[in-house]
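K.L.:
This structure is in structure tokens; I'll ask about it shortly.
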Amino acid sequence: MTETTVSPTSPKRSAGSLLSTFFQSRYAGALISLFLISLFLAIYQPVFLTWPNLMNIVKSNSVAFILALGATYVVISGTVDLSFGSATTASAIAFGLLFVSGIPLPFAILGAITAGCLLGAINGYLVAYANISYFVVTLGTLSVFQSVALIANEGGSISVFSQPGFMALNRFVNGNVGPIPTILIFDAVLFFIASAVLRYTSFGRALYSIGSNTEAARLNGINVRRVLLTVFIISSLTAGLASVIQVGRLTVASPEVDMNLLLTVLAAVLIGGTAMTGGEGGVLGTLIGVLFLGVVQNGLTLSGVSSFWQGTLSGGILIFSVWLGGVRGMLRSRQQAKLK
């Protein structure tokens with residue numbers, strides 16, 4: 001029998017290798033930042049770790065999380081959708097108009113989701129089949145969809161609070177199953193569906209291939225146009241879902257677009273490690289990114305800092321996230337060069 005000799009330095013090298021791998025992972029920056037800010041708030045704001053406050057973070061960031069799931073798909077494909085905020089607003093107005101006209105709640109919800117998918121199909125067709133730059137298309141439809149929302153109800157908000165059946169939606173958005181918010185269960189279901197599609201389906205694999213190298217994906221038989229069309233529809237489908245949650249929480253459908261939402265969602269996706277250049281990322285990182293931004297926002301509120309700083313924070317984190325992605329790519333390139 002041959003005796004196996006174990007070098008005393010092997011465990012150290014192994015631990016160092018694991019640590020190096022962790023710091024090069026796309027989740028490292030977001031996880032470390034989330035841990036540090038949570039630790040700081042737990043020490044200086046005792047109310048932070050209370051169950052009601054933690055669940056408030058979940059509820060107040062549900063819309064951003066749902067939108068971020070769709071945005072993750074788009075960014076993985078190597079494109080960006082700048083119009084999902086406007087699509088959310090237009091879908092909310094569609095929901096409000098249908099609901100106050102007497103349409104039952106389930107069909108009004110279906111109408112909002114359908115409206116979102118149609119708006120996404122417009123983006124997807126212009127990008128995939130008309131070969132127009134995704135930046136130009138979605139920057140243009142950002143304005144177009146907002147105008148549609150304003151024109152549809154002549155710039156007015158639509159109150160749905162007194163509509164029959166609204167309380168069912170309100171309870172779903174703001175209620176609990178025991179100590180667990182219903183919306184948390186809903187978000188968890190969406191998360192697992194989004195993760196499973198990326199990980200286990202041919203569509204998910206095609207998405208990563210297109211984001212990594214569009215031409216190589218095409219040569220390998222992937223229908224790039226169809227995948228891009230689908231991914232923009234998915235982005236606006238989540239906008240339709242988010243619009244219903246938003247109206248259920250606010251009790252009103254507003255035609256005004258929250259530009260902070262655009263910054264927050266994109267920052268969450270990028271700080272979660274999804275590469276701006278496409279081909280890398282996932283919804284787990286996006287979840288971490290949304291939690292990080294939600295905790296920071298909650299910390300500002302608990303500390304009495306003006307909400308006017310939120311835009312500065314989201315924009316700064318967005319820039320930092322792109323920079324961090326570049327640094328991570330540089331470290332990975334150096335590591336691969338050493339292995340060669």
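Just remember, in the structure tokens the first chain shown is A, the second B, etc., residues are 1-based per chain, and ligands are 1-based in the order shown.
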Skip stretch 285-296 of chain A itself and residues of its chain fewer than 6 positions away, then list as an MDAnalysis selection string all residues within 7 Å of it, counting only C-alpha atoms.
P.N.:
chainID A and resid 27 30:31 34 57 61 65 68 268:269 271:273
K.L.:
Could you save those same residues with N, CA, C and O atoms as a compact mmCIF listing (two decimals), in the first residue's frame?
P.N.:
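Written out: result_3.txt:
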```txt
# COMPACT_ATOMS: atom_id res chain seq x y z
N TYR A 27 -20.24 37.65 -6.63
CA TYR A 27 -21.05 37.98 -5.46
C TYR A 27 -20.26 38.66 -4.35
O TYR A 27 -20.85 39.18 -3.40
N ALA A 30 -20.88 42.51 -3.37
CA ALA A 30 -22.22 42.74 -2.84
C ALA A 30 -22.39 42.11 -1.47
O ALA A 30 -22.98 42.72 -0.57
N LEU A 31 -21.88 40.88 -1.30
CA LEU A 31 -22.04 40.19 -0.01
C LEU A 31 -21.27 40.90 1.11
O LEU A 31 -21.79 41.09 2.22
N LEU A 34 -23.05 44.16 1.88
CA LEU A 34 -24.30 43.90 2.61
C LEU A 34 -24.01 43.55 4.06
O LEU A 34 -24.70 44.04 4.98
N ILE A 57 -38.46 46.09 4.81
CA ILE A 57 -37.47 46.17 3.73
C ILE A 57 -37.91 45.29 2.56
O ILE A 57 -37.83 45.68 1.39
N ASN A 61 -39.26 46.83 -1.21
CA ASN A 61 -38.37 46.59 -2.34
C ASN A 61 -38.86 45.49 -3.27
O ASN A 61 -38.13 45.06 -4.16
N PHE A 65 -37.38 44.39 -6.93
CA PHE A 65 -36.88 43.02 -7.10
C PHE A 65 -37.49 42.34 -8.32
O PHE A 65 -36.78 41.71 -9.11
N ALA A 68 -36.02 43.77 -11.33
CA ALA A 68 -34.61 43.39 -11.45
C ALA A 68 -34.44 41.99 -12.01
O ALA A 68 -33.45 41.70 -12.70
N ALA A 268 -28.83 47.39 -8.78
CA ALA A 268 -28.96 46.09 -8.10
C ALA A 268 -28.45 44.96 -8.98
O ALA A 268 -27.73 44.06 -8.52
N VAL A 269 -28.80 45.00 -10.27
CA VAL A 269 -28.37 43.95 -11.20
C VAL A 269 -26.85 43.95 -11.36
O VAL A 269 -26.20 42.90 -11.31
N ILE A 271 -24.46 45.47 -9.37
CA ILE A 271 -23.69 45.23 -8.14
C ILE A 271 -23.80 43.77 -7.72
O ILE A 271 -22.95 43.25 -7.01
N GLY A 272 -24.85 43.09 -8.22
CA GLY A 272 -24.99 41.66 -7.96
C GLY A 272 -24.11 40.80 -8.84
O GLY A 272 -24.16 39.57 -8.75
N GLY A 273 -23.32 41.42 -9.70
CA GLY A 273 -22.32 40.67 -10.46
C GLY A 273 -22.68 40.34 -11.89
O GLY A 273 -21.89 39.70 -12.59
```
K.L.:
Which residues come within 10 Å of stretch 219-222 of chain A, counting only C-alpha atoms, excluding same-chain residues fewer than 4 positions away, as a list in words?
P.N.:
Ser202, Phe203, Arg205, Ala206, Leu207, Ser209, Ile210, Thr214, Glu215, Arg226 and Val227 of chain A
K.L.:
Which residues are near A:Ile122? Cut-off 12 Å, only C-alpha atoms, ignore same chain within fewer than 6 positions. Put them as number ranges by chain.
P.N.:
A: 81, 83, 87, 115-116, 128-130, 132, 134, 137-138, 140-142, 144-145, 228-233, 235-236
K.L.:
Output C-alpha atoms for every residue in that selection, as a PDB file, in the first residue's frame.
P.N.:
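File out.pdb, as written:
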```pdb
ATOM      1  CA  ASP A  81     -33.688  47.875 -21.318  1.00  0.00           C
ATOM      2  CA  SER A  83     -37.819  51.542 -20.649  1.00  0.00           C
ATOM      3  CA  ALA A  87     -43.549  50.122 -19.105  1.00  0.00           C
ATOM      4  CA  ALA A 115     -49.995  45.291 -21.810  1.00  0.00           C
ATOM      5  CA  GLY A 116     -46.492  44.876 -20.443  1.00  0.00           C
ATOM      6  CA  ALA A 128     -33.957  41.920 -32.966  1.00  0.00           C
ATOM      7  CA  TYR A 129     -35.680  42.282 -36.337  1.00  0.00           C
ATOM      8  CA  ALA A 130     -35.310  45.967 -37.272  1.00  0.00           C
ATOM      9  CA  ILE A 132     -31.862  49.153 -34.236  1.00  0.00           C
ATOM     10  CA  TYR A 134     -31.073  48.531 -28.037  1.00  0.00           C
ATOM     11  CA  VAL A 137     -34.809  51.788 -28.959  1.00  0.00           C
ATOM     12  CA  THR A 138     -35.276  51.612 -25.202  1.00  0.00           C
ATOM     13  CA  GLY A 140     -36.925  56.193 -27.191  1.00  0.00           C
ATOM     14  CA  THR A 141     -39.613  53.899 -25.793  1.00  0.00           C
ATOM     15  CA  LEU A 142     -38.834  55.152 -22.286  1.00  0.00           C
ATOM     16  CA  VAL A 144     -43.025  56.874 -25.666  1.00  0.00           C
ATOM     17  CA  PHE A 145     -44.409  54.548 -22.973  1.00  0.00           C
ATOM     18  CA  LEU A 228     -33.726  38.666 -27.975  1.00  0.00           C
ATOM     19  CA  LEU A 229     -37.411  39.204 -28.735  1.00  0.00           C
ATOM     20  CA  THR A 230     -38.304  36.853 -25.882  1.00  0.00           C
ATOM     21  CA  VAL A 231     -35.944  38.463 -23.411  1.00  0.00           C
ATOM     22  CA  PHE A 232     -37.458  41.927 -23.952  1.00  0.00           C
ATOM     23  CA  ILE A 233     -40.938  40.449 -23.537  1.00  0.00           C
ATOM     24  CA  SER A 235     -38.477  42.260 -19.097  1.00  0.00           C
ATOM     25  CA  SER A 236     -41.826  43.929 -19.725  1.00  0.00           C
TER      26      SER A 236
END
```
K.L.:
Need the shell around stretch 160-174 of chain A: protein/DNA/RNA residues with any atom at most 10 Å away, counting only C-alpha atoms. Skip same-chain ones fewer than 4 positions apart. Format as a PyMOL selection string?
P.N.:
chain A and resi 56+59-60+62+95-97+99-106+109+181-184+186+244-253
K.L.:
Which is closest to A:Leu190 among A:Arg218, A:Ile151, A:Thr238, A:Ser143, if we use only C-alpha atoms?
P.N.:
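Nearest to A:Leu190: A:Thr238.
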K.L.:
Measure the distance from atom CA of A:Ala121 to atom CA of A:Leu284 in Å and round it to one decimal.
P.N.:
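If I compute the distance from atom CA of A:Ala121 to atom CA of A:Leu284, I get 26.2 Å.
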K.L.:
Can you tell me how far atom CA of A:Ile180 sits from atom CA of A:Thr50, in Å to one decimal?
P.N.:
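Separating atom CA of A:Ile180 from atom CA of A:Thr50 is a distance of 13.6 Å.
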K.L.:
Run DSSP on the backbone of this structure and report the residues of stretch 227-277 of chain A it assigns to alpha helix (DSSP H), as a ChimeraX atom specification.
P.N.:
/A:227-250,259-271
K.L.:
Between atom CA of A:Gly299 and atom CA of A:Leu41, what is the spacing in Å?
P.N.:
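Between atom CA of A:Leu41 and atom CA of A:Gly299 the gap works out to 6.6 Å.
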K.L.:
Skipping near chain neighbours, those fewer than 6 positions away, what residues fall within 6 Å of A:Gly78 using only C-alpha atoms, listed as a PyMOL selection string?
P.N.:
chain A and resi 211+277-278
K.L.:
Store the residues picked out above in a file with all heavy atoms, as an mmCIF file, in the first residue's frame.
P.N.:
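Final output, out22.cif:
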```cif
data_model
loop_
_atom_site.group_PDB
_atom_site.id
_atom_site.type_symbol
_atom_site.label_atom_id
_atom_site.label_comp_id
_atom_site.auth_asym_id
_atom_site.auth_seq_id
_atom_site.Cartn_x
_atom_site.Cartn_y
_atom_site.Cartn_z
ATOM 1 N N GLY A 211 -24.977 36.522 -24.976
ATOM 2 C CA GLY A 211 -24.291 37.583 -24.249
ATOM 3 C C GLY A 211 -22.786 37.488 -24.345
ATOM 4 O O GLY A 211 -22.080 38.496 -24.375
ATOM 5 N N THR A 277 -21.364 43.723 -19.992
ATOM 6 C CA THR A 277 -21.066 43.286 -21.356
ATOM 7 C C THR A 277 -21.823 42.018 -21.743
ATOM 8 O O THR A 277 -21.751 41.577 -22.882
ATOM 9 C CB THR A 277 -19.562 43.036 -21.508
ATOM 10 O OG1 THR A 277 -19.123 42.154 -20.461
ATOM 11 C CG2 THR A 277 -18.781 44.337 -21.410
ATOM 12 N N GLY A 278 -22.537 41.424 -20.782
ATOM 13 C CA GLY A 278 -23.346 40.251 -21.070
ATOM 14 C C GLY A 278 -22.606 38.944 -20.873
ATOM 15 O O GLY A 278 -21.383 38.911 -20.698
#
```
K.L.:
Between A:Leu126, A:Val224, A:Ala149, A:Ala42, which has the minimum distance to A:Thr89 (counting only C-alpha atoms)?
P.N.:
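Under the stated criterion, the closest residue is A:Ala149.
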K.L.:
Which residue gives the smallest distance to A:Gly70 among A:Ala108, A:Leu49, A:Val197, A:Leu237, with only C-alpha atoms counted?
P.N.:
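Between A:Ala108, A:Leu49, A:Val197, A:Leu237, the residue approaching A:Gly70 most closely is A:Leu237.
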K.L.:
When DSSP works through the backbone of this structure, what residues of stretch 129-246 of chain A end up as strand (DSSP E or B), shown as a PyMOL selection string?
P.N.:
chain A and resi 158-159+176-177+180-181
